[in-house]
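Undergrad: Below is the file query-v9.cif, with mmCIF, N, CA and C atoms and all ligand atoms.
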```cif
data_upload
#
loop_
_atom_site.label_atom_id
_atom_site.label_comp_id
_atom_site.auth_asym_id
_atom_site.auth_seq_id
_atom_site.Cartn_x
_atom_site.Cartn_y
_atom_site.Cartn_z
N MET O 1 0.84 -1.21 0.00
CA MET O 1 0.00 0.00 0.00
C MET O 1 0.87 1.25 0.00
N VAL O 2 0.52 2.16 -0.88
CA VAL O 2 1.25 3.43 -0.97
C VAL O 2 0.33 4.54 -0.48
N PRO O 3 0.56 5.06 0.74
CA PRO O 3 -0.40 5.98 1.35
C PRO O 3 -0.55 7.31 0.59
N ASP O 4 0.51 7.79 -0.09
CA ASP O 4 0.38 9.11 -0.72
C ASP O 4 -0.21 9.04 -2.12
N GLU O 5 -0.77 7.88 -2.50
CA GLU O 5 -1.41 7.78 -3.81
C GLU O 5 -2.76 8.51 -3.81
N TYR O 6 -3.42 8.52 -2.65
CA TYR O 6 -4.70 9.23 -2.57
C TYR O 6 -4.44 10.72 -2.42
N LEU O 7 -5.38 11.52 -2.90
CA LEU O 7 -5.17 12.96 -2.98
C LEU O 7 -5.25 13.65 -1.63
N THR O 8 -4.33 14.58 -1.39
CA THR O 8 -4.43 15.44 -0.22
C THR O 8 -5.33 16.63 -0.58
N ASP O 9 -5.72 17.41 0.43
CA ASP O 9 -6.58 18.58 0.17
C ASP O 9 -5.90 19.56 -0.78
N VAL O 10 -4.58 19.75 -0.59
CA VAL O 10 -3.84 20.69 -1.44
C VAL O 10 -3.84 20.20 -2.89
N GLU O 11 -3.60 18.90 -3.07
CA GLU O 11 -3.58 18.33 -4.42
C GLU O 11 -4.96 18.44 -5.07
N LEU O 12 -5.99 18.16 -4.28
CA LEU O 12 -7.35 18.24 -4.79
C LEU O 12 -7.68 19.67 -5.24
N ASN O 13 -7.24 20.65 -4.43
CA ASN O 13 -7.50 22.04 -4.79
C ASN O 13 -6.76 22.44 -6.06
N THR O 14 -5.51 21.96 -6.20
CA THR O 14 -4.74 22.23 -7.41
C THR O 14 -5.47 21.70 -8.64
N LEU O 15 -5.99 20.47 -8.53
CA LEU O 15 -6.68 19.84 -9.65
C LEU O 15 -8.01 20.54 -9.93
N LYS O 16 -8.66 21.00 -8.87
CA LYS O 16 -9.93 21.71 -9.03
C LYS O 16 -9.71 23.01 -9.81
N THR O 17 -8.63 23.73 -9.46
CA THR O 17 -8.28 24.95 -10.19
C THR O 17 -8.00 24.63 -11.65
N LEU O 18 -7.26 23.54 -11.88
CA LEU O 18 -6.91 23.12 -13.23
C LEU O 18 -8.16 22.85 -14.06
N VAL O 19 -9.11 22.10 -13.48
CA VAL O 19 -10.35 21.76 -14.18
C VAL O 19 -11.18 23.02 -14.46
N ASN O 20 -11.27 23.90 -13.46
CA ASN O 20 -12.02 25.14 -13.64
C ASN O 20 -11.40 26.03 -14.72
N ASP O 21 -10.06 26.09 -14.73
CA ASP O 21 -9.35 26.87 -15.75
C ASP O 21 -9.65 26.35 -17.15
N ARG O 22 -9.65 25.02 -17.28
CA ARG O 22 -9.89 24.42 -18.59
C ARG O 22 -11.33 24.66 -19.05
N LEU O 23 -12.26 24.58 -18.10
CA LEU O 23 -13.66 24.87 -18.43
C LEU O 23 -13.81 26.32 -18.89
N GLY O 24 -13.11 27.23 -18.18
CA GLY O 24 -13.16 28.65 -18.55
C GLY O 24 -12.59 28.88 -19.93
N ALA O 25 -11.46 28.19 -20.23
CA ALA O 25 -10.82 28.33 -21.54
C ALA O 25 -11.73 27.82 -22.64
N LEU O 26 -12.45 26.72 -22.37
CA LEU O 26 -13.38 26.16 -23.35
C LEU O 26 -14.53 27.12 -23.62
N ALA O 27 -15.01 27.77 -22.56
CA ALA O 27 -16.10 28.73 -22.71
C ALA O 27 -15.63 29.89 -23.60
N GLU O 28 -14.38 30.35 -23.38
CA GLU O 28 -13.80 31.40 -24.20
C GLU O 28 -13.76 30.96 -25.66
N GLN O 29 -13.27 29.74 -25.86
CA GLN O 29 -13.12 29.18 -27.20
C GLN O 29 -14.47 29.08 -27.90
N ALA O 30 -15.48 28.65 -27.15
CA ALA O 30 -16.82 28.51 -27.72
C ALA O 30 -17.33 29.87 -28.19
N ARG O 31 -17.08 30.89 -27.37
CA ARG O 31 -17.49 32.24 -27.78
C ARG O 31 -16.76 32.65 -29.04
N GLY O 32 -15.47 32.33 -29.13
CA GLY O 32 -14.68 32.65 -30.32
C GLY O 32 -15.21 31.94 -31.55
N ALA O 33 -15.60 30.66 -31.38
CA ALA O 33 -16.12 29.88 -32.49
C ALA O 33 -17.42 30.46 -33.01
N VAL O 34 -18.27 30.90 -32.09
CA VAL O 34 -19.54 31.51 -32.49
C VAL O 34 -19.27 32.78 -33.27
N ARG O 35 -18.29 33.57 -32.80
CA ARG O 35 -17.94 34.81 -33.49
C ARG O 35 -17.42 34.51 -34.89
N ALA O 36 -16.55 33.50 -35.02
CA ALA O 36 -15.99 33.13 -36.32
C ALA O 36 -17.11 32.71 -37.27
N TYR O 37 -18.06 31.94 -36.75
CA TYR O 37 -19.17 31.48 -37.57
C TYR O 37 -19.97 32.68 -38.10
N THR O 38 -20.24 33.65 -37.23
CA THR O 38 -20.99 34.83 -37.63
C THR O 38 -20.25 35.61 -38.71
N GLU O 39 -18.91 35.71 -38.54
CA GLU O 39 -18.12 36.44 -39.53
C GLU O 39 -18.17 35.74 -40.88
N VAL O 40 -18.06 34.41 -40.88
CA VAL O 40 -18.11 33.63 -42.12
C VAL O 40 -19.45 33.87 -42.81
N ARG O 41 -20.53 33.82 -42.04
CA ARG O 41 -21.86 33.98 -42.60
C ARG O 41 -22.03 35.38 -43.20
N ASP O 42 -21.46 36.37 -42.51
CA ASP O 42 -21.59 37.75 -42.98
C ASP O 42 -20.83 37.99 -44.28
N ARG O 43 -19.72 37.27 -44.48
CA ARG O 43 -18.92 37.45 -45.68
C ARG O 43 -19.37 36.54 -46.81
N ASP O 44 -20.38 35.74 -46.58
CA ASP O 44 -20.78 34.69 -47.50
C ASP O 44 -21.10 35.22 -48.90
N ALA O 45 -21.51 36.48 -49.00
CA ALA O 45 -21.90 37.06 -50.28
C ALA O 45 -20.71 37.17 -51.23
N ASP O 46 -19.50 37.23 -50.70
CA ASP O 46 -18.31 37.40 -51.52
C ASP O 46 -17.85 36.05 -52.09
N PRO O 47 -17.98 35.81 -53.41
CA PRO O 47 -17.64 34.50 -53.98
C PRO O 47 -16.14 34.18 -53.92
N VAL O 48 -15.29 35.18 -53.88
CA VAL O 48 -13.84 34.94 -53.87
C VAL O 48 -13.43 34.22 -52.57
N ASP O 49 -14.07 34.58 -51.47
CA ASP O 49 -13.69 34.04 -50.16
C ASP O 49 -14.39 32.73 -49.80
N SER O 50 -15.31 32.27 -50.63
CA SER O 50 -16.20 31.19 -50.20
C SER O 50 -15.46 29.90 -49.86
N ALA O 51 -14.40 29.55 -50.61
CA ALA O 51 -13.69 28.30 -50.37
C ALA O 51 -13.07 28.28 -48.97
N SER O 52 -12.34 29.34 -48.63
CA SER O 52 -11.68 29.38 -47.32
C SER O 52 -12.71 29.53 -46.21
N ASN O 53 -13.83 30.16 -46.49
CA ASN O 53 -14.88 30.28 -45.49
C ASN O 53 -15.44 28.92 -45.11
N GLU O 54 -15.61 28.05 -46.10
CA GLU O 54 -16.14 26.72 -45.82
C GLU O 54 -15.18 25.95 -44.92
N THR O 55 -13.89 26.09 -45.17
CA THR O 55 -12.89 25.42 -44.34
C THR O 55 -12.95 25.94 -42.92
N ASP O 56 -13.04 27.24 -42.75
CA ASP O 56 -13.13 27.84 -41.43
C ASP O 56 -14.34 27.32 -40.67
N LEU O 57 -15.46 27.24 -41.39
CA LEU O 57 -16.71 26.82 -40.77
C LEU O 57 -16.62 25.36 -40.32
N ALA O 58 -16.08 24.50 -41.19
CA ALA O 58 -15.94 23.08 -40.85
C ALA O 58 -15.04 22.93 -39.63
N PHE O 59 -14.00 23.74 -39.56
CA PHE O 59 -13.07 23.67 -38.45
C PHE O 59 -13.74 24.04 -37.14
N SER O 60 -14.48 25.13 -37.12
CA SER O 60 -15.10 25.57 -35.87
C SER O 60 -16.20 24.61 -35.43
N GLN O 61 -16.82 23.92 -36.39
CA GLN O 61 -17.84 22.93 -36.02
C GLN O 61 -17.21 21.71 -35.37
N ARG O 62 -16.09 21.26 -35.94
CA ARG O 62 -15.39 20.10 -35.38
C ARG O 62 -14.87 20.45 -33.98
N LEU O 63 -14.31 21.63 -33.86
CA LEU O 63 -13.80 22.12 -32.58
C LEU O 63 -14.92 22.13 -31.55
N GLY O 64 -16.11 22.56 -31.98
CA GLY O 64 -17.24 22.63 -31.07
C GLY O 64 -17.63 21.27 -30.54
N GLU O 65 -17.66 20.28 -31.42
CA GLU O 65 -18.03 18.92 -31.03
C GLU O 65 -17.05 18.36 -30.00
N ARG O 66 -15.76 18.50 -30.29
CA ARG O 66 -14.73 17.97 -29.40
C ARG O 66 -14.75 18.70 -28.06
N ASP O 67 -14.93 20.02 -28.13
CA ASP O 67 -14.94 20.83 -26.91
C ASP O 67 -16.14 20.51 -26.04
N ARG O 68 -17.28 20.24 -26.69
CA ARG O 68 -18.48 19.90 -25.91
C ARG O 68 -18.23 18.64 -25.09
N LYS O 69 -17.60 17.65 -25.71
CA LYS O 69 -17.31 16.39 -25.00
C LYS O 69 -16.35 16.63 -23.84
N MET O 70 -15.33 17.46 -24.09
CA MET O 70 -14.34 17.74 -23.05
C MET O 70 -15.00 18.50 -21.89
N ALA O 71 -15.85 19.48 -22.23
CA ALA O 71 -16.54 20.26 -21.19
C ALA O 71 -17.40 19.35 -20.32
N GLN O 72 -18.02 18.37 -20.95
CA GLN O 72 -18.85 17.40 -20.24
C GLN O 72 -18.00 16.60 -19.24
N LYS O 73 -16.83 16.16 -19.69
CA LYS O 73 -15.93 15.40 -18.82
C LYS O 73 -15.42 16.26 -17.67
N LEU O 74 -15.14 17.53 -17.95
CA LEU O 74 -14.64 18.43 -16.91
C LEU O 74 -15.72 18.68 -15.86
N ARG O 75 -16.97 18.86 -16.31
CA ARG O 75 -18.06 19.07 -15.36
C ARG O 75 -18.28 17.81 -14.52
N HIS O 76 -18.13 16.64 -15.16
CA HIS O 76 -18.24 15.36 -14.45
C HIS O 76 -17.16 15.28 -13.36
N ALA O 77 -15.95 15.73 -13.68
CA ALA O 77 -14.85 15.73 -12.71
C ALA O 77 -15.19 16.63 -11.51
N LEU O 78 -15.76 17.80 -11.77
CA LEU O 78 -16.14 18.72 -10.69
C LEU O 78 -17.22 18.10 -9.81
N GLU O 79 -18.17 17.39 -10.44
CA GLU O 79 -19.22 16.71 -9.67
C GLU O 79 -18.63 15.67 -8.74
N ARG O 80 -17.66 14.91 -9.27
CA ARG O 80 -17.04 13.86 -8.45
C ARG O 80 -16.23 14.48 -7.31
N MET O 81 -15.63 15.64 -7.53
CA MET O 81 -14.92 16.34 -6.45
C MET O 81 -15.90 16.69 -5.33
N LYS O 82 -17.10 17.15 -5.74
CA LYS O 82 -18.12 17.53 -4.77
C LYS O 82 -18.58 16.32 -3.98
N GLU O 83 -18.67 15.17 -4.67
CA GLU O 83 -19.13 13.93 -4.02
C GLU O 83 -18.02 13.26 -3.23
N GLY O 84 -16.80 13.76 -3.37
CA GLY O 84 -15.66 13.14 -2.69
C GLY O 84 -15.19 11.86 -3.36
N GLU O 85 -15.58 11.67 -4.64
CA GLU O 85 -15.20 10.45 -5.36
C GLU O 85 -14.07 10.70 -6.34
N TYR O 86 -13.65 11.95 -6.44
CA TYR O 86 -12.64 12.30 -7.44
C TYR O 86 -11.29 11.67 -7.11
N GLY O 87 -10.60 11.20 -8.16
CA GLY O 87 -9.28 10.61 -7.96
C GLY O 87 -9.33 9.13 -7.62
N VAL O 88 -10.57 8.58 -7.54
CA VAL O 88 -10.72 7.16 -7.25
C VAL O 88 -11.24 6.48 -8.52
N CYS O 89 -10.63 5.36 -8.87
CA CYS O 89 -11.00 4.63 -10.09
C CYS O 89 -12.47 4.19 -10.02
N GLU O 90 -13.22 4.46 -11.10
CA GLU O 90 -14.65 4.11 -11.13
C GLU O 90 -14.86 2.61 -11.20
N ARG O 91 -13.84 1.88 -11.62
CA ARG O 91 -14.01 0.44 -11.78
C ARG O 91 -13.54 -0.34 -10.55
N CYS O 92 -12.32 -0.08 -10.09
CA CYS O 92 -11.77 -0.93 -9.02
C CYS O 92 -11.65 -0.21 -7.68
N GLY O 93 -11.86 1.13 -7.66
CA GLY O 93 -11.82 1.86 -6.40
C GLY O 93 -10.42 2.22 -5.92
N ASP O 94 -9.41 1.89 -6.72
CA ASP O 94 -8.04 2.26 -6.37
C ASP O 94 -7.82 3.75 -6.65
N ALA O 95 -6.76 4.31 -6.06
CA ALA O 95 -6.40 5.70 -6.34
C ALA O 95 -5.88 5.81 -7.77
N ILE O 96 -6.32 6.85 -8.47
CA ILE O 96 -5.84 7.07 -9.83
C ILE O 96 -4.42 7.63 -9.80
N GLY O 97 -4.14 8.43 -8.77
CA GLY O 97 -2.78 8.98 -8.63
C GLY O 97 -2.70 10.43 -9.08
N TYR O 98 -2.04 11.24 -8.26
CA TYR O 98 -1.98 12.68 -8.49
C TYR O 98 -1.30 13.02 -9.82
N ARG O 99 -0.19 12.34 -10.14
CA ARG O 99 0.54 12.67 -11.38
C ARG O 99 -0.28 12.39 -12.61
N ARG O 100 -0.99 11.26 -12.60
CA ARG O 100 -1.84 10.92 -13.74
C ARG O 100 -2.96 11.95 -13.88
N LEU O 101 -3.51 12.40 -12.75
CA LEU O 101 -4.60 13.38 -12.78
C LEU O 101 -4.10 14.75 -13.23
N LEU O 102 -2.87 15.09 -12.86
CA LEU O 102 -2.30 16.36 -13.31
C LEU O 102 -2.20 16.38 -14.83
N ALA O 103 -1.78 15.24 -15.40
CA ALA O 103 -1.65 15.14 -16.85
C ALA O 103 -3.02 15.01 -17.52
N ARG O 104 -3.95 14.37 -16.83
CA ARG O 104 -5.27 14.12 -17.40
C ARG O 104 -6.32 14.23 -16.30
N PRO O 105 -6.71 15.48 -15.95
CA PRO O 105 -7.61 15.70 -14.81
C PRO O 105 -9.00 15.10 -14.98
N VAL O 106 -9.37 14.70 -16.21
CA VAL O 106 -10.70 14.11 -16.42
C VAL O 106 -10.69 12.59 -16.33
N ALA O 107 -9.53 12.01 -16.00
CA ALA O 107 -9.42 10.55 -15.92
C ALA O 107 -10.36 10.00 -14.85
N THR O 108 -11.08 8.91 -15.18
CA THR O 108 -11.99 8.28 -14.21
C THR O 108 -11.55 6.85 -13.90
N LEU O 109 -10.51 6.38 -14.59
CA LEU O 109 -10.01 5.03 -14.37
C LEU O 109 -8.52 5.09 -14.01
N CYS O 110 -8.07 4.17 -13.16
CA CYS O 110 -6.65 4.07 -12.88
C CYS O 110 -5.95 3.50 -14.12
N ILE O 111 -4.65 3.59 -14.15
CA ILE O 111 -3.92 3.21 -15.37
C ILE O 111 -4.12 1.73 -15.70
N ASP O 112 -4.25 0.87 -14.68
CA ASP O 112 -4.46 -0.56 -14.92
C ASP O 112 -5.81 -0.82 -15.60
N CYS O 113 -6.87 -0.20 -15.07
CA CYS O 113 -8.21 -0.40 -15.64
C CYS O 113 -8.29 0.23 -17.03
N LYS O 114 -7.63 1.37 -17.20
CA LYS O 114 -7.62 2.03 -18.50
C LYS O 114 -6.98 1.12 -19.55
N THR O 115 -5.87 0.50 -19.18
CA THR O 115 -5.17 -0.41 -20.09
C THR O 115 -6.05 -1.61 -20.43
N THR O 116 -6.71 -2.17 -19.41
CA THR O 116 -7.60 -3.31 -19.62
C THR O 116 -8.75 -2.93 -20.55
N THR O 117 -9.36 -1.75 -20.31
CA THR O 117 -10.47 -1.29 -21.14
C THR O 117 -10.04 -1.14 -22.59
N GLU O 118 -8.86 -0.56 -22.79
CA GLU O 118 -8.37 -0.36 -24.16
C GLU O 118 -8.11 -1.68 -24.85
N MET O 119 -7.64 -2.67 -24.09
CA MET O 119 -7.39 -3.99 -24.67
C MET O 119 -8.70 -4.65 -25.08
N LEU O 120 -9.76 -4.46 -24.26
CA LEU O 120 -11.06 -5.03 -24.58
C LEU O 120 -11.68 -4.34 -25.79
N GLU O 121 -11.44 -3.00 -25.88
CA GLU O 121 -12.01 -2.24 -26.98
C GLU O 121 -11.27 -2.49 -28.29
N ASN O 122 -9.97 -2.79 -28.20
CA ASN O 122 -9.16 -3.05 -29.39
C ASN O 122 -8.48 -4.41 -29.27
N PRO O 123 -9.23 -5.51 -29.46
CA PRO O 123 -8.65 -6.84 -29.24
C PRO O 123 -7.48 -7.13 -30.18
N GLY O 124 -7.46 -6.47 -31.32
CA GLY O 124 -6.37 -6.71 -32.27
C GLY O 124 -5.05 -6.17 -31.78
N ARG O 125 -5.12 -5.20 -30.82
CA ARG O 125 -3.90 -4.57 -30.36
C ARG O 125 -3.46 -5.09 -28.99
N ARG O 126 -3.89 -6.33 -28.67
CA ARG O 126 -3.56 -6.91 -27.38
C ARG O 126 -2.05 -6.93 -27.17
N LYS O 127 -1.68 -6.47 -25.97
CA LYS O 127 -0.25 -6.38 -25.68
C LYS O 127 0.29 -7.77 -25.32
N ARG O 128 1.41 -8.14 -25.89
CA ARG O 128 2.03 -9.42 -25.54
C ARG O 128 2.91 -9.24 -24.32
N THR O 129 2.78 -10.13 -23.35
CA THR O 129 3.61 -10.00 -22.15
C THR O 129 4.40 -11.26 -21.93
ZN ZN O 201 -8.92 0.74 -11.53
#
```
Would you mind writing the file's structure down as structure tokens?
TA:
Amino acid sequence: MVPDEYLTDVELNTLKTLVNDRLGALAEQARGAVRAYTEVRDRDADPVDSASNETDLAFSQRLGERDRKMAQKLRHALERMKEGEYGVCERCGDAIGYRRLLARPVATLCIDCKTTTEMLENPGRRKRT
């Protein structure tokens, strides 16, 4: 047993700030994407610009989809912090670990369960041991 694998209050607060910052950045980005979309629509009358406008539009739509999913995961992380479940693997109940959470604050599985899940999802890529 490694006692410092579970999060301390200071570590939890650091991660909470990290998650909140990322949510704030996504909100900023979403506002930017909406602005870009409006600009593209307003310039639509100009046939010279239409090709690059379509590319811009496709890009901001893809960005929106990916960002929505990330925002959902970040909000889920905040909920788990409130419930006191954050940093604990949803599958086996082990600590996910502070370093892993710093790199990926939306992680809900420990590295062992994550590896197992990926092996089940991609049987062709089974790791040989
Ligand atoms: Zn686990």
Undergrad: Go through the chains and note each residue within 5 Å of ligand ZN 201 (chain O), using all atoms listed in the file, then give the set as a ChimeraX atom specification.
TA: /O:89,91-94,110,113
Undergrad: How would the residues just picked look written out with N, CA and C atoms as an mmCIF file, in the coordinates of the input?
TA:
```
data_model
loop_
_atom_site.group_PDB
_atom_site.id
_atom_site.type_symbol
_atom_site.label_atom_id
_atom_site.label_comp_id
_atom_site.auth_asym_id
_atom_site.auth_seq_id
_atom_site.Cartn_x
_atom_site.Cartn_y
_atom_site.Cartn_z
ATOM 1 N N CYS O 89 -10.630 5.360 -8.870
ATOM 2 C CA CYS O 89 -11.000 4.630 -10.090
ATOM 3 C C CYS O 89 -12.470 4.190 -10.020
ATOM 4 N N ARG O 91 -13.840 1.880 -11.620
ATOM 5 C CA ARG O 91 -14.010 0.440 -11.780
ATOM 6 C C ARG O 91 -13.540 -0.340 -10.550
ATOM 7 N N CYS O 92 -12.320 -0.080 -10.090
ATOM 8 C CA CYS O 92 -11.770 -0.930 -9.020
ATOM 9 C C CYS O 92 -11.650 -0.210 -7.680
ATOM 10 N N GLY O 93 -11.860 1.130 -7.660
ATOM 11 C CA GLY O 93 -11.820 1.860 -6.400
ATOM 12 C C GLY O 93 -10.420 2.220 -5.920
ATOM 13 N N ASP O 94 -9.410 1.890 -6.720
ATOM 14 C CA ASP O 94 -8.040 2.260 -6.370
ATOM 15 C C ASP O 94 -7.820 3.750 -6.650
ATOM 16 N N CYS O 110 -8.070 4.170 -13.160
ATOM 17 C CA CYS O 110 -6.650 4.070 -12.880
ATOM 18 C C CYS O 110 -5.950 3.500 -14.120
ATOM 19 N N CYS O 113 -6.870 -0.200 -15.070
ATOM 20 C CA CYS O 113 -8.210 -0.400 -15.640
ATOM 21 C C CYS O 113 -8.290 0.230 -17.030
#
```
Undergrad: Please report the interatomic distance between CA of Gln29 in chain O and CA of Glu65 in chain O in Å with one decimal.
TA: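 Interatomic distance, CA of Gln29 in chain O to CA of Glu65 in chain O: 12.0 Å.
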Undergrad: Taking only C-alpha atoms into account, which of O:Asn20, O:Ala95, O:Arg31, O:Val10 comes nearest Lys73 in chain O?
TA: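 Of the candidates, the smallest distance to Lys73 in chain O is held by O:Asn20.
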Undergrad: What is the atom C of Glu28 in chain O-atom C of Asp67 in chain O distance in Å, reported with one decimal?
TA: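 Interatomic distance, atom C of Glu28 in chain O to atom C of Asp67 in chain O: 10.7 Å.
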Undergrad: Return the single residue from O:Glu85, O:Arg68, O:Tyr6, O:Ala77 that is closest to Leu26 in chain O, with distances computed using all atoms listed in the file.
TA: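 For Leu26 in chain O, the nearest of the candidates is O:Arg68.
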Undergrad: To one decimal place in Å, what is the distance between atom N of Leu7 in chain O and atom C of Gly97 in chain O?
TA: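 One can read the atom N of Leu7 in chain O to atom C of Gly97 in chain O distance as 6.8 Å.
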Undergrad: Where does DSSP see helix (DSSP H, G or I) in range 79-118 of chain O, if you list the residues as a list in words?
TA: Glu79, Arg80, Met81, Lys82, Glu83, Tyr98, Arg99, Arg100, Leu101, Leu102, Ala103, Ile111, Asp112, Cys113, Lys114, Thr115, Thr116, Thr117 and Glu118 of chain O
Undergrad: The selected residues should be written to file as a PDB file, in the frame of the given file (atoms: N, CA and C atoms).
TA:
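New file result_32.pdb:
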```pdb
ATOM      1  N   GLU O  79     -18.170  17.390 -10.440  1.00  0.00           N
ATOM      2  CA  GLU O  79     -19.220  16.710  -9.670  1.00  0.00           C
ATOM      3  C   GLU O  79     -18.630  15.670  -8.740  1.00  0.00           C
ATOM      4  N   ARG O  80     -17.660  14.910  -9.270  1.00  0.00           N
ATOM      5  CA  ARG O  80     -17.040  13.860  -8.450  1.00  0.00           C
ATOM      6  C   ARG O  80     -16.230  14.480  -7.310  1.00  0.00           C
ATOM      7  N   MET O  81     -15.630  15.640  -7.530  1.00  0.00           N
ATOM      8  CA  MET O  81     -14.920  16.340  -6.450  1.00  0.00           C
ATOM      9  C   MET O  81     -15.900  16.690  -5.330  1.00  0.00           C
ATOM     10  N   LYS O  82     -17.100  17.150  -5.740  1.00  0.00           N
ATOM     11  CA  LYS O  82     -18.120  17.530  -4.770  1.00  0.00           C
ATOM     12  C   LYS O  82     -18.580  16.320  -3.980  1.00  0.00           C
ATOM     13  N   GLU O  83     -18.670  15.170  -4.670  1.00  0.00           N
ATOM     14  CA  GLU O  83     -19.130  13.930  -4.020  1.00  0.00           C
ATOM     15  C   GLU O  83     -18.020  13.260  -3.230  1.00  0.00           C
ATOM     16  N   TYR O  98      -2.040  11.240  -8.260  1.00  0.00           N
ATOM     17  CA  TYR O  98      -1.980  12.680  -8.490  1.00  0.00           C
ATOM     18  C   TYR O  98      -1.300  13.020  -9.820  1.00  0.00           C
ATOM     19  N   ARG O  99      -0.190  12.340 -10.140  1.00  0.00           N
ATOM     20  CA  ARG O  99       0.540  12.670 -11.380  1.00  0.00           C
ATOM     21  C   ARG O  99      -0.280  12.390 -12.610  1.00  0.00           C
ATOM     22  N   ARG O 100      -0.990  11.260 -12.600  1.00  0.00           N
ATOM     23  CA  ARG O 100      -1.840  10.920 -13.740  1.00  0.00           C
ATOM     24  C   ARG O 100      -2.960  11.950 -13.880  1.00  0.00           C
ATOM     25  N   LEU O 101      -3.510  12.400 -12.750  1.00  0.00           N
ATOM     26  CA  LEU O 101      -4.600  13.380 -12.780  1.00  0.00           C
ATOM     27  C   LEU O 101      -4.100  14.750 -13.230  1.00  0.00           C
ATOM     28  N   LEU O 102      -2.870  15.090 -12.860  1.00  0.00           N
ATOM     29  CA  LEU O 102      -2.300  16.360 -13.310  1.00  0.00           C
ATOM     30  C   LEU O 102      -2.200  16.380 -14.830  1.00  0.00           C
ATOM     31  N   ALA O 103      -1.780  15.240 -15.400  1.00  0.00           N
ATOM     32  CA  ALA O 103      -1.650  15.140 -16.850  1.00  0.00           C
ATOM     33  C   ALA O 103      -3.020  15.010 -17.520  1.00  0.00           C
ATOM     34  N   ILE O 111      -4.650   3.590 -14.150  1.00  0.00           N
ATOM     35  CA  ILE O 111      -3.920   3.210 -15.370  1.00  0.00           C
ATOM     36  C   ILE O 111      -4.120   1.730 -15.700  1.00  0.00           C
ATOM     37  N   ASP O 112      -4.250   0.870 -14.680  1.00  0.00           N
ATOM     38  CA  ASP O 112      -4.460  -0.560 -14.920  1.00  0.00           C
ATOM     39  C   ASP O 112      -5.810  -0.820 -15.600  1.00  0.00           C
ATOM     40  N   CYS O 113      -6.870  -0.200 -15.070  1.00  0.00           N
ATOM     41  CA  CYS O 113      -8.210  -0.400 -15.640  1.00  0.00           C
ATOM     42  C   CYS O 113      -8.290   0.230 -17.030  1.00  0.00           C
ATOM     43  N   LYS O 114      -7.630   1.370 -17.200  1.00  0.00           N
ATOM     44  CA  LYS O 114      -7.620   2.030 -18.500  1.00  0.00           C
ATOM     45  C   LYS O 114      -6.980   1.120 -19.550  1.00  0.00           C
ATOM     46  N   THR O 115      -5.870   0.500 -19.180  1.00  0.00           N
ATOM     47  CA  THR O 115      -5.170  -0.410 -20.090  1.00  0.00           C
ATOM     48  C   THR O 115      -6.050  -1.610 -20.430  1.00  0.00           C
ATOM     49  N   THR O 116      -6.710  -2.170 -19.410  1.00  0.00           N
ATOM     50  CA  THR O 116      -7.600  -3.310 -19.620  1.00  0.00           C
ATOM     51  C   THR O 116      -8.750  -2.930 -20.550  1.00  0.00           C
ATOM     52  N   THR O 117      -9.360  -1.750 -20.310  1.00  0.00           N
ATOM     53  CA  THR O 117     -10.470  -1.290 -21.140  1.00  0.00           C
ATOM     54  C   THR O 117     -10.040  -1.140 -22.590  1.00  0.00           C
ATOM     55  N   GLU O 118      -8.860  -0.560 -22.790  1.00  0.00           N
ATOM     56  CA  GLU O 118      -8.370  -0.360 -24.160  1.00  0.00           C
ATOM     57  C   GLU O 118      -8.110  -1.680 -24.850  1.00  0.00           C
TER      58      GLU O 118
END
```
Undergrad: Point out the residue among O:Glu5, O:Thr116, O:Asp42, O:Met70 with the least atom-to-atom distance to Ala25 in chain O, counting only C-alpha atoms.
TA: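 The closest residue to Ala25 in chain O is O:Met70.
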